[in-house]
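Pasting data.txt here (compact mmCIF, C-alpha atoms):
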```txt
# COMPACT_ATOMS: atom_id res chain seq x y z
CA MET A 119 0.00 0.00 0.00
CA CYS A 120 1.28 3.49 -0.88
CA SER A 121 2.32 5.45 2.21
CA ILE A 122 2.07 8.88 0.57
CA VAL A 123 -0.79 10.93 2.02
CA GLU A 124 -2.38 14.12 0.84
CA ASP A 125 -0.36 16.28 3.26
CA ASP A 126 2.88 15.12 1.65
CA PHE A 127 2.04 17.12 -1.47
CA GLY A 128 1.89 20.47 0.30
CA ASP A 129 -0.08 23.44 -0.95
CA ASP A 130 0.49 22.53 -4.61
CA GLY A 131 -1.26 19.17 -4.32
CA GLY A 132 0.36 16.59 -6.60
CA ALA A 133 1.69 19.17 -9.06
CA HIS A 134 5.31 18.34 -8.30
CA GLY A 135 4.72 14.59 -8.59
CA MET A 136 5.20 14.75 -12.37
CA LYS A 137 7.10 17.72 -13.77
CA GLU A 138 7.03 18.90 -17.35
CA ASP A 139 10.02 18.15 -19.55
CA SER A 140 12.24 21.22 -19.37
CA PRO A 141 13.39 22.46 -22.80
CA GLN A 142 17.05 22.36 -23.68
CA PRO A 143 19.01 25.64 -23.46
CA ARG A 144 18.97 27.68 -26.62
CA LEU A 145 21.90 27.62 -29.01
CA ALA A 146 24.70 29.97 -28.14
CA ALA A 147 26.04 32.34 -30.76
CA ASP A 148 28.24 30.48 -33.27
CA GLU A 149 27.96 27.26 -31.26
CA LEU A 150 29.59 24.36 -33.09
CA CYS A 151 27.94 21.07 -33.89
CA ARG A 152 28.74 18.45 -31.25
CA LYS A 153 28.91 15.73 -33.92
CA CYS A 154 31.41 17.09 -36.43
CA ASN A 155 32.85 20.02 -34.42
CA THR A 156 33.32 21.98 -37.65
CA GLU A 157 29.95 23.34 -38.79
CA VAL A 158 27.86 25.88 -36.91
CA ALA A 159 24.91 24.24 -35.14
CA VAL A 160 21.43 25.16 -36.37
CA LEU A 161 19.22 23.36 -33.86
CA LYS A 162 19.18 21.65 -30.52
CA LEU A 163 16.37 19.17 -30.00
CA ASN A 164 15.05 18.20 -26.62
CA HIS A 165 17.56 15.96 -24.80
CA LYS A 166 19.87 16.07 -27.85
CA GLU A 167 23.19 17.74 -28.52
CA ALA A 168 23.53 20.72 -30.83
CA GLN A 169 23.66 19.67 -34.48
CA CYS A 170 24.45 21.31 -37.79
CA ARG A 171 22.24 20.86 -40.82
CA PRO A 172 24.20 18.00 -42.52
CA CYS A 173 24.60 16.08 -39.26
CA PHE A 174 20.92 16.43 -38.41
CA LEU A 175 19.81 15.19 -41.84
CA HIS A 176 22.23 12.26 -41.56
CA TYR A 177 20.89 11.50 -38.07
CA VAL A 178 17.25 11.36 -39.19
CA ARG A 179 18.00 9.41 -42.36
CA HIS A 180 20.11 6.97 -40.40
CA LYS A 181 17.11 6.25 -38.17
CA PHE A 182 15.08 5.43 -41.27
CA ARG A 183 17.76 3.23 -42.84
CA ALA A 184 18.63 1.55 -39.54
CA SER A 185 15.02 0.50 -38.98
CA LEU A 186 15.01 -1.21 -42.38
CA GLY A 187 18.48 -2.67 -42.06
CA SER A 188 18.24 -4.03 -38.53
CA SER A 189 14.99 -5.87 -39.17
CA LYS A 190 16.11 -7.38 -42.51
CA ILE A 191 12.46 -7.80 -43.42
CA VAL A 192 12.42 -5.87 -46.70
CA ARG A 193 14.37 -7.83 -49.30
CA ARG A 194 16.57 -6.23 -51.92
CA GLY A 195 14.84 -5.38 -55.17
CA SER A 196 11.35 -5.72 -53.70
CA ARG A 197 8.44 -3.72 -55.03
CA VAL A 198 7.22 -1.52 -52.18
CA LEU A 199 3.83 0.18 -52.12
CA ILE A 200 4.10 3.57 -50.38
CA ILE A 201 0.79 5.04 -49.23
CA PHE A 202 0.59 8.72 -50.18
CA THR A 203 -1.28 11.05 -47.82
CA GLY A 204 0.58 14.34 -48.28
CA THR A 205 1.07 14.91 -44.55
CA PRO A 206 4.47 16.12 -43.27
CA GLU A 207 5.42 12.62 -42.07
CA ASN A 208 4.49 11.16 -45.43
CA ILE A 209 6.44 13.78 -47.38
CA ALA A 210 9.47 13.15 -45.15
CA LEU A 211 9.22 9.41 -45.83
CA LEU A 212 9.10 9.96 -49.59
CA ASP A 213 12.11 12.29 -49.45
CA MET A 214 14.10 9.70 -47.50
CA VAL A 215 13.23 7.08 -50.09
CA ARG A 216 14.19 9.47 -52.90
CA PHE A 217 17.49 10.28 -51.19
CA GLY A 218 18.27 6.61 -50.63
CA LEU A 219 17.68 5.74 -54.27
CA GLU A 220 20.05 8.52 -55.39
CA GLN A 221 23.02 7.26 -53.34
CA ASP A 222 25.97 5.36 -54.76
CA SER A 223 25.81 1.59 -55.18
CA PHE A 224 27.12 0.85 -51.68
CA LYS A 225 24.59 3.01 -49.79
CA GLN A 226 21.76 2.82 -52.29
CA LEU A 227 18.30 1.87 -51.08
CA ARG A 228 17.50 -1.15 -53.23
CA ILE A 229 13.72 -1.13 -53.50
CA GLU A 230 11.27 -0.36 -56.28
CA PRO A 231 8.80 2.22 -54.92
CA VAL A 232 5.22 2.53 -56.14
CA LEU A 233 2.97 5.29 -54.79
CA LEU A 234 -0.71 4.75 -54.01
CA TYR A 235 -3.15 7.53 -53.27
CA VAL A 236 -6.24 6.18 -51.50
CA ASP A 237 -9.07 8.69 -51.80
CA ASP A 238 -11.69 8.71 -49.04
CA ASP A 239 -12.78 12.34 -49.25
CA PHE A 240 -16.18 11.23 -50.53
CA ILE A 241 -17.04 10.41 -46.92
CA SER A 242 -17.15 14.00 -45.67
CA LYS A 243 -16.42 16.41 -48.54
CA ALA A 244 -18.67 17.88 -51.18
CA THR A 245 -17.89 17.24 -54.85
CA GLU A 246 -16.40 20.68 -55.53
CA GLU A 247 -14.26 20.59 -52.39
CA ARG A 248 -13.07 17.13 -53.29
CA LYS A 249 -12.05 18.24 -56.80
CA LYS A 250 -10.03 21.14 -55.37
CA LYS A 251 -8.12 18.79 -53.12
CA GLN A 252 -7.47 16.42 -56.02
CA ILE A 253 -5.83 19.29 -57.90
CA THR A 254 -3.60 19.94 -54.88
CA ILE A 255 -2.77 16.23 -54.62
CA ALA A 256 -1.83 16.13 -58.31
CA GLU A 257 0.58 19.04 -57.79
CA LEU A 258 2.18 17.30 -54.81
CA LEU A 259 2.62 14.05 -56.73
CA GLN A 260 4.50 15.89 -59.47
CA GLN A 261 7.33 16.42 -56.98
CA TYR A 262 8.30 12.74 -57.37
CA SER A 263 9.30 10.53 -60.26
CA PHE A 264 7.74 7.37 -58.83
CA PRO A 265 4.85 5.59 -60.57
CA VAL A 266 1.53 6.54 -58.97
CA HIS A 267 -1.74 4.63 -58.69
CA TYR A 268 -5.15 5.84 -57.57
CA THR A 269 -8.02 4.10 -55.79
CA VAL A 270 -10.75 4.81 -53.26
CA THR A 271 -11.12 3.31 -49.81
CA GLY A 272 -12.97 0.02 -50.03
CA SER A 273 -12.08 -0.77 -53.63
CA PRO A 274 -9.84 -3.71 -54.65
CA LYS A 275 -8.81 -2.09 -57.95
CA ALA A 276 -6.40 0.74 -58.74
CA VAL A 277 -5.70 2.87 -61.81
CA GLU A 278 -2.26 4.19 -62.75
CA LEU A 279 -2.03 7.97 -62.91
CA LEU A 280 -0.15 9.42 -65.85
CA PRO A 281 1.49 12.89 -65.69
CA ALA A 282 -0.90 15.79 -66.29
CA VAL A 283 -3.91 13.46 -66.24
CA SER A 284 -6.89 14.11 -63.96
CA PHE A 285 -8.11 11.56 -61.45
CA PRO A 286 -10.18 8.81 -63.08
CA GLY A 287 -13.75 7.86 -62.29
CA GLY A 288 -15.43 4.50 -62.21
CA PHE A 289 -15.33 4.05 -58.44
CA GLU A 290 -18.85 5.31 -57.71
CA GLU A 291 -20.20 1.87 -56.82
CA ASP A 292 -17.42 1.25 -54.29
CA GLU A 293 -17.92 4.70 -52.78
CA GLN A 294 -21.66 4.29 -52.38
CA ARG A 295 -21.26 0.86 -50.85
CA LEU A 296 -18.86 2.08 -48.18
CA LEU A 297 -20.98 5.17 -47.50
CA ARG A 298 -24.04 3.00 -46.99
CA ILE A 299 -22.24 0.86 -44.44
CA ILE A 300 -20.69 3.80 -42.57
CA ASN A 301 -24.00 5.65 -42.44
CA GLY A 302 -25.63 2.49 -41.11
CA THR A 303 -23.19 2.39 -38.19
CA ARG A 304 -24.55 4.18 -35.14
CA SER A 305 -21.56 5.43 -33.11
CA ASN A 306 -18.70 7.59 -34.35
CA THR A 307 -16.26 5.29 -32.56
CA SER A 308 -17.35 2.32 -34.64
CA LYS A 309 -17.36 4.41 -37.82
CA GLN A 310 -13.74 5.43 -37.29
CA ASP A 311 -12.68 1.92 -36.40
CA LEU A 312 -14.49 0.53 -39.43
CA LEU A 313 -12.85 3.06 -41.76
CA GLU A 314 -9.39 2.27 -40.38
CA GLN A 315 -9.84 -1.47 -40.88
CA VAL A 316 -11.17 -0.98 -44.43
CA ARG A 317 -8.16 1.20 -45.26
CA LYS A 318 -5.77 -1.57 -44.24
CA ARG A 319 -7.72 -4.09 -46.28
CA THR A 320 -7.53 -1.73 -49.26
CA TYR A 321 -3.75 -1.35 -48.89
CA LYS A 322 -3.27 -5.10 -48.86
CA ALA A 323 -5.64 -5.75 -51.76
CA ILE A 324 -3.95 -3.17 -54.00
CA ALA A 325 -0.48 -4.36 -52.97
CA LYS A 326 -1.37 -7.89 -54.08
CA SER A 327 -2.74 -6.66 -57.40
CA LEU A 328 0.47 -4.65 -58.05
CA ASN A 329 2.77 -7.51 -56.95
CA CYS A 330 4.07 -5.56 -53.94
CA SER A 331 5.07 -7.62 -50.92
CA TYR A 332 5.48 -4.60 -48.62
CA VAL A 333 3.46 -1.49 -47.80
CA PHE A 334 5.22 1.53 -46.27
CA LEU A 335 3.15 3.59 -43.82
CA SER A 336 4.25 6.98 -42.48
CA ASP A 337 3.21 6.49 -38.84
CA ILE A 338 5.57 8.08 -36.30
CA GLY A 339 5.85 7.57 -32.55
CA ILE A 340 2.98 9.83 -31.50
CA ASP A 341 0.64 8.13 -34.00
CA LEU A 342 1.51 4.72 -32.56
CA ALA A 343 0.92 5.98 -29.01
CA LYS A 344 -2.59 7.05 -30.06
CA THR A 345 -3.15 3.69 -31.74
CA LEU A 346 -2.04 1.75 -28.68
CA LEU A 347 -4.33 3.52 -26.23
CA SER A 348 -7.22 3.60 -28.70
CA ASN A 349 -6.95 -0.15 -29.28
CA VAL A 350 -7.10 -0.75 -25.55
CA ALA A 351 -10.29 1.30 -25.34
CA LEU A 352 -11.76 -0.44 -28.39
CA GLY A 353 -11.10 -3.93 -27.07
CA ARG A 354 -8.45 -4.71 -29.69
CA GLY A 355 -5.88 -6.05 -27.29
CA CYS A 356 -5.26 -9.07 -29.51
CA SER A 357 -3.91 -6.85 -32.33
CA ILE A 358 -2.07 -4.12 -30.40
CA ALA A 359 1.34 -5.72 -30.89
CA GLN A 360 0.98 -5.74 -34.68
CA ASP A 361 -0.72 -2.34 -34.92
CA VAL A 362 2.25 -0.56 -33.32
CA ALA A 363 5.11 -2.85 -34.38
CA PHE A 364 7.64 -2.08 -37.08
CA CYS A 365 6.14 -4.86 -39.19
CA ASP A 366 2.53 -6.01 -39.25
CA ASP A 367 2.77 -9.49 -40.75
CA ARG A 368 -0.63 -10.91 -39.87
CA ASP A 369 -1.25 -11.24 -43.62
CA GLY A 370 1.13 -13.84 -44.99
CA SER A 371 1.65 -12.25 -48.42
CA VAL A 372 1.71 -8.49 -47.65
CA LYS A 373 3.52 -6.85 -44.75
CA LEU A 374 2.74 -3.37 -43.42
CA ILE A 375 6.00 -1.58 -42.56
CA ARG A 376 6.39 1.53 -40.36
CA PRO A 377 9.95 2.76 -41.02
CA LEU A 378 9.42 6.15 -39.29
CA ARG A 379 8.15 4.80 -35.98
CA ASP A 380 11.27 6.02 -34.12
CA LEU A 381 10.83 9.66 -35.18
CA ASN A 382 8.91 12.38 -33.35
CA PRO A 383 7.07 15.48 -34.65
CA ASP A 384 9.99 17.84 -33.93
CA GLU A 385 12.36 15.73 -36.01
CA ILE A 386 9.89 15.60 -38.89
CA LEU A 387 9.31 19.37 -38.77
CA HIS A 388 13.01 20.22 -38.79
CA TYR A 389 13.78 17.59 -41.41
CA LEU A 390 11.41 19.22 -43.90
CA GLN A 391 12.88 22.58 -42.97
CA PHE A 392 16.51 21.59 -43.62
CA THR A 393 16.16 19.05 -46.44
CA GLU A 394 17.77 19.80 -49.82
CA LYS A 395 14.41 20.17 -51.58
CA ARG A 396 11.40 22.20 -50.55
CA TYR A 397 8.12 20.32 -50.40
CA SER A 398 4.51 21.31 -49.94
CA CYS A 399 2.44 19.39 -47.40
CA LEU A 400 -1.19 18.84 -46.51
CA PRO A 401 -2.56 19.14 -42.98
CA HIS A 402 -3.79 16.08 -41.13
CA GLU A 403 -7.45 15.34 -41.74
CA ASN A 404 -9.97 13.31 -39.81
CA HIS A 405 -13.43 12.82 -41.29
CA PHE A 406 -14.83 12.47 -37.78
CA GLY A 407 -12.47 14.88 -36.03
CA ASP A 408 -15.23 17.23 -34.88
CA LYS A 409 -17.35 14.43 -33.38
CA PRO A 410 -17.00 12.70 -30.01
CA SER A 411 -15.38 9.26 -30.14
CA LEU A 412 -12.92 7.18 -28.17
CA GLN A 413 -10.27 7.70 -30.83
CA ASN A 414 -10.65 11.49 -30.83
CA LEU A 415 -10.53 11.72 -27.04
CA THR A 416 -7.41 9.55 -26.98
CA ALA A 417 -5.75 11.62 -29.71
CA LYS A 418 -6.50 14.84 -27.82
CA PHE A 419 -5.04 13.37 -24.65
CA ILE A 420 -1.84 12.29 -26.43
CA ASP A 421 -1.48 15.66 -28.21
CA ASN A 422 -1.71 17.48 -24.88
CA LEU A 423 0.77 15.03 -23.40
CA GLN A 424 3.18 15.65 -26.27
CA GLU A 425 3.27 19.37 -25.49
CA SER A 426 4.15 18.97 -21.82
CA PHE A 427 5.58 15.46 -21.44
CA PRO A 428 6.98 14.30 -24.82
CA SER A 429 9.13 11.63 -23.20
CA THR A 430 6.00 10.03 -21.77
CA VAL A 431 4.52 9.69 -25.25
CA SER A 432 7.58 7.74 -26.34
CA THR A 433 7.20 5.50 -23.31
CA ILE A 434 3.59 4.75 -24.24
CA TYR A 435 4.23 3.49 -27.74
CA ARG A 436 7.42 1.70 -26.69
CA THR A 437 5.22 -0.35 -24.40
CA GLY A 438 3.87 -1.95 -27.54
CA ASP A 439 7.33 -3.40 -28.25
CA LYS A 440 7.07 -5.44 -25.07
CA LEU A 441 3.89 -7.11 -26.27
CA GLU A 442 4.35 -10.39 -28.06
CA ALA A 443 2.67 -10.64 -31.44
CA PRO A 444 1.22 -14.00 -32.46
CA PRO A 445 3.07 -15.87 -35.21
CA PRO A 446 2.06 -14.97 -38.76
CA GLY A 447 -0.58 -17.16 -40.31
CA SER A 448 -2.05 -17.81 -43.68
CA THR A 449 -3.37 -15.11 -45.97
CA ILE A 450 -6.80 -13.82 -45.03
CA GLY A 451 -9.07 -11.80 -47.24
CA ALA A 452 -11.16 -12.05 -50.37
CA SER A 453 -9.55 -11.77 -53.76
CA THR A 454 -12.49 -10.78 -55.94
CA GLU A 455 -14.33 -7.48 -56.10
CA GLU A 456 -17.62 -9.14 -55.20
CA ASP A 457 -16.24 -10.79 -52.07
CA TYR A 458 -13.85 -8.04 -50.98
CA LEU A 459 -16.21 -5.97 -48.86
CA GLY A 460 -18.72 -8.73 -48.25
CA LEU A 461 -17.71 -8.93 -44.62
CA LEU A 462 -18.89 -5.35 -44.15
CA ASP A 463 -22.51 -6.37 -44.59
CA ALA A 464 -23.73 -7.33 -41.13
CA ARG A 465 -26.34 -9.58 -42.65
CA LYS A 466 -23.88 -11.66 -44.66
CA THR A 467 -21.91 -14.51 -43.13
CA SER A 468 -18.38 -15.32 -44.15
CA ALA A 469 -15.94 -18.16 -43.88
CA SER A 470 -12.21 -18.00 -43.27
CA ASN A 471 -9.60 -20.53 -44.24
CA ASP A 472 -7.97 -20.01 -40.86
CA ARG A 473 -10.56 -20.41 -38.12
CA ASP A 474 -8.20 -19.04 -35.48
CA LYS A 475 -8.09 -15.56 -37.06
CA CYS A 476 -10.59 -12.77 -37.42
CA ALA A 477 -12.10 -12.82 -40.89
CA PHE A 478 -12.16 -9.00 -41.04
CA CYS A 479 -8.91 -7.68 -39.52
CA GLY A 480 -6.81 -10.87 -39.39
CA ALA A 481 -6.16 -10.66 -35.64
CA PRO A 482 -6.31 -13.82 -33.50
CA LEU A 483 -9.79 -14.69 -32.27
CA ASP A 484 -9.86 -13.67 -28.63
CA TYR A 485 -13.37 -14.51 -27.45
CA ARG A 486 -12.96 -18.23 -26.83
CA GLY A 487 -12.67 -18.93 -23.13
CA SER A 488 -12.52 -15.22 -22.27
CA LYS A 489 -13.54 -14.72 -18.66
CA THR A 490 -13.64 -10.96 -19.19
CA LEU A 491 -16.19 -11.13 -22.00
CA PHE A 492 -18.22 -13.70 -20.07
CA ALA A 493 -18.32 -11.41 -17.01
CA THR A 494 -19.38 -8.47 -19.20
CA GLU A 495 -22.22 -10.38 -20.84
CA PHE A 496 -23.32 -11.89 -17.55
CA SER A 497 -23.39 -8.46 -15.88
CA ARG A 498 -25.48 -7.08 -18.73
CA LEU A 499 -27.97 -9.92 -18.42
CA VAL A 500 -28.21 -9.44 -14.64
CA SER A 501 -29.02 -5.75 -15.12
CA SER A 502 -31.82 -6.55 -17.56
CA ARG A 503 -33.36 -9.65 -15.94
CA ILE A 504 -32.98 -9.26 -12.18
CA HIS A 505 -35.41 -6.88 -10.47
CA ALA A 506 -35.95 -5.87 -6.87
CA SER A 507 -39.16 -7.87 -6.74
CA CYS A 508 -37.42 -11.16 -7.59
CA SER A 509 -37.23 -13.69 -4.78
CA HIS A 510 -34.09 -15.54 -3.76
CA GLU A 511 -35.25 -18.72 -5.51
CA GLU A 512 -36.03 -16.83 -8.70
CA ILE A 513 -32.60 -15.22 -8.69
CA LEU A 514 -30.87 -18.60 -8.31
CA GLU A 515 -32.94 -20.08 -11.11
CA LYS A 516 -32.32 -17.16 -13.44
CA SER A 517 -28.60 -17.14 -12.61
CA LYS A 518 -28.08 -20.59 -14.10
CA GLN A 519 -29.91 -19.61 -17.27
CA MET A 520 -27.99 -16.32 -17.51
CA GLU A 521 -24.67 -18.13 -17.21
CA HIS A 522 -25.70 -20.37 -20.08
CA ASP A 523 -26.92 -17.44 -22.18
CA ALA A 524 -23.80 -15.38 -21.46
CA GLU A 525 -21.56 -18.23 -22.58
CA ARG A 526 -23.58 -18.63 -25.79
CA MET A 527 -23.30 -14.89 -26.50
CA VAL A 528 -19.53 -14.91 -26.02
CA ASN A 529 -19.18 -17.87 -28.38
CA GLY A 530 -21.53 -16.33 -30.95
CA GLU A 531 -24.25 -18.94 -30.51
CA ASP A 532 -27.04 -16.59 -29.45
CA GLU A 533 -28.48 -16.00 -32.92
CA ALA A 534 -28.48 -18.26 -35.96
CA GLU A 535 -27.34 -15.90 -38.74
CA LEU A 536 -25.60 -13.17 -36.75
CA GLY A 537 -24.05 -15.76 -34.46
CA GLN A 538 -22.26 -17.43 -37.39
CA LEU A 539 -20.76 -14.06 -38.30
CA LYS A 540 -19.68 -13.38 -34.71
CA GLN A 541 -17.82 -16.70 -34.58
CA THR A 542 -15.46 -15.45 -37.30
CA LEU A 543 -14.73 -12.05 -35.72
CA CYS A 544 -12.52 -10.84 -32.88
CA HIS A 545 -14.03 -8.77 -30.07
CA GLY A 546 -13.06 -5.43 -31.64
CA CYS A 547 -14.65 -6.25 -35.00
CA ARG A 548 -17.71 -7.68 -33.27
CA ASN A 549 -18.34 -4.27 -31.73
CA ILE A 550 -18.43 -2.74 -35.21
CA PHE A 551 -20.90 -5.22 -36.63
CA VAL A 552 -23.12 -5.22 -33.54
CA ASP A 553 -23.27 -1.43 -33.86
CA GLN A 554 -24.85 -1.96 -37.28
CA GLU A 555 -27.77 -3.96 -35.97
CA GLN A 556 -31.07 -2.28 -36.61
```

What would you get if you wrote out this structure as structure tokens?
Amino acid sequence: MCSIVEDDFGDDGGAHGMKEDSPQPRLAADELCRKCNTEVAVLKLNHKEAQCRPCFLHYVRHKFRASLGSSKIVRRGSRVLIIFTGTPENIALLDMVRFGLEQDSFKQLRIEPVLLYVDDDFISKATEERKKKQITIAELLQQYSFPVHYTVTGSPKAVELLPAVSFPGGFEEDEQRLLRIINGTRSNTSKQDLLEQVRKRTYKAIAKSLNCSYVFLSDIGIDLAKTLLSNVALGRGCSIAQDVAFCDDRDGSVKLIRPLRDLNPDEILHYLQFTEKRYSCLPHENHFGDKPSLQNLTAKFIDNLQESFPSTVSTIYRTGDKLEAPPPGSTIGASTEEDYLGLLDARKTSASNDRDKCAFCGAPLDYRGSKTLFATEFSRLVSSRIHASCSHEEILEKSKQMEHDAERMVNGEDEAELGQLKQTLCHGCRNIFVDQEQ
């Protein structure tokens, strides 16, 4: 038991129990770089030594290359699908890839990059506003010489974009289908979770169609901290390890790679400021950012924490490294356009080749034998069936039936059609589909 009492905190309460990270002293006039001791330093990051521009760029790029080299997951000559979002982190990732490809043969980054722009602005933007953003996206893509493909969230097909060519159509059916499902979901929390899972399925489907074994995401440390805490709140504990790891290999044929996970917002900001080329960026967008949800509350908490306690944010997402991810299994997911989003229809059952994995997100099924889920269902049944007027004998009789019913609900045996669907889903995905029940 903790022996600290309220009086121990004095007049300031517990304010001194956790102090804000104090910023590093400002650079002195003509202070030299502590790395090379020759160039004049241009910045001094929190808890870092003063660095000049070349040393800082080398430091950030080394983090990127070291994450790829130490893991030895990405093979030489592999086709890599890089998701384009236009955010500062994404632009920094593309510049690091460009720089690596331009190096000499010894230091050259030996991958074949392919860009993919996944458009989901149809969810919250009007047609005119969406067209204006597409023009901006087209201008940003002209900064790179990589081949570019275009698709919309929820579609298994992609179209290659040629220079000076407008964005193609033909995705209206996929857009309307996803809109119908999102609009049929009641809570904003489930809508955001659903959209995130569909995005990942889209990345993997397009990667397979383009013969790419790897997908590069531009998530940095603060993004992974938000993901970790959000997954805990959403009941996705079975997939936390893969959602914040360097490599998400739950799909046997396509791996999601996060090569920038060791960088923080300050490093990204200064990297774009000091890099050899000047790039334009897009702000971060969230289609449900102005609505209350577990994800938005978690993101706001982490953003506030980043301002006062940035070291704590790093500690949060590093916790994910201590979690053990289950071994990779067989490929999960439909391969045809008709079957691709079939799992999104709460009235349609699905079958998976691997019965131990969620048919929607690919995470291990976590409901079997779960005492936590059983206690939750049992508590819900007690609240609805036990009244103050019930006698002791009635309570005992109902308790046995409620235990049986709670176990059936956990195992997905409570309803014939919906129960078959629940048996193929993890707890997190179950919450999405249950939220679609009318």

For Leu280 (chain A): contacts at 10 Å, only C-alpha atoms, fewer than 4 positions along chain excluded, given as a short mmCIF file (atom, residue, chain, number, x, y, z; two decimals) with C-alpha atoms, in the frame of the given file:
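around05.cif written:
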```cif
data_model
loop_
_atom_site.label_atom_id
_atom_site.label_comp_id
_atom_site.auth_asym_id
_atom_site.auth_seq_id
_atom_site.Cartn_x
_atom_site.Cartn_y
_atom_site.Cartn_z
CA PRO A 265 4.85 5.59 -60.57
CA VAL A 266 1.53 6.54 -58.97
CA HIS A 267 -1.74 4.63 -58.69
CA SER A 284 -6.89 14.11 -63.96
CA PHE A 285 -8.11 11.56 -61.45
#
```

Give me, as a tab-separated table, each residue of region 272-367 of chain A that comes within 10 Å of region 389-408 of chain A, together with its shortest interatomic pair and the distance in Å at one decimal, counting all atoms listed in the file, with rows ordered by chain and rising residue number.
```
residue	atom	partner	partner_atom	distance
A:Asn306	CA	A:Phe406	CA	7.1
A:Thr307	CA	A:Phe406	CA	9.0
A:Lys309	CA	A:Phe406	CA	8.4
A:Gln310	CA	A:Phe406	CA	7.1
A:Leu313	CA	A:His405	CA	9.8
```

Review point. In Å, with one decimal, what is the gap from CA of Met520 (chain A) to CA of Ala481 (chain A)?
Key: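 Between these atoms lies a distance of 28.9 Å.
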
Exercise for review: Excluding Gln360 (chain A) and residues on its chain fewer than 4 positions from it, collect all residues at most 10 Å away from it, counting only C-alpha atoms, and give them as a ChimeraX atom specification.
Suggested key: /A:356,364-368,374,438-439,441-444,481

Review point. Pick the closest to Gly546 (chain A) from A:Ala524, A:Ile358, A:Gln424, A:Tyr435: which is it, counting all atoms listed in the file?
Key: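 The closest residue to Gly546 (chain A) is A:Ile358.
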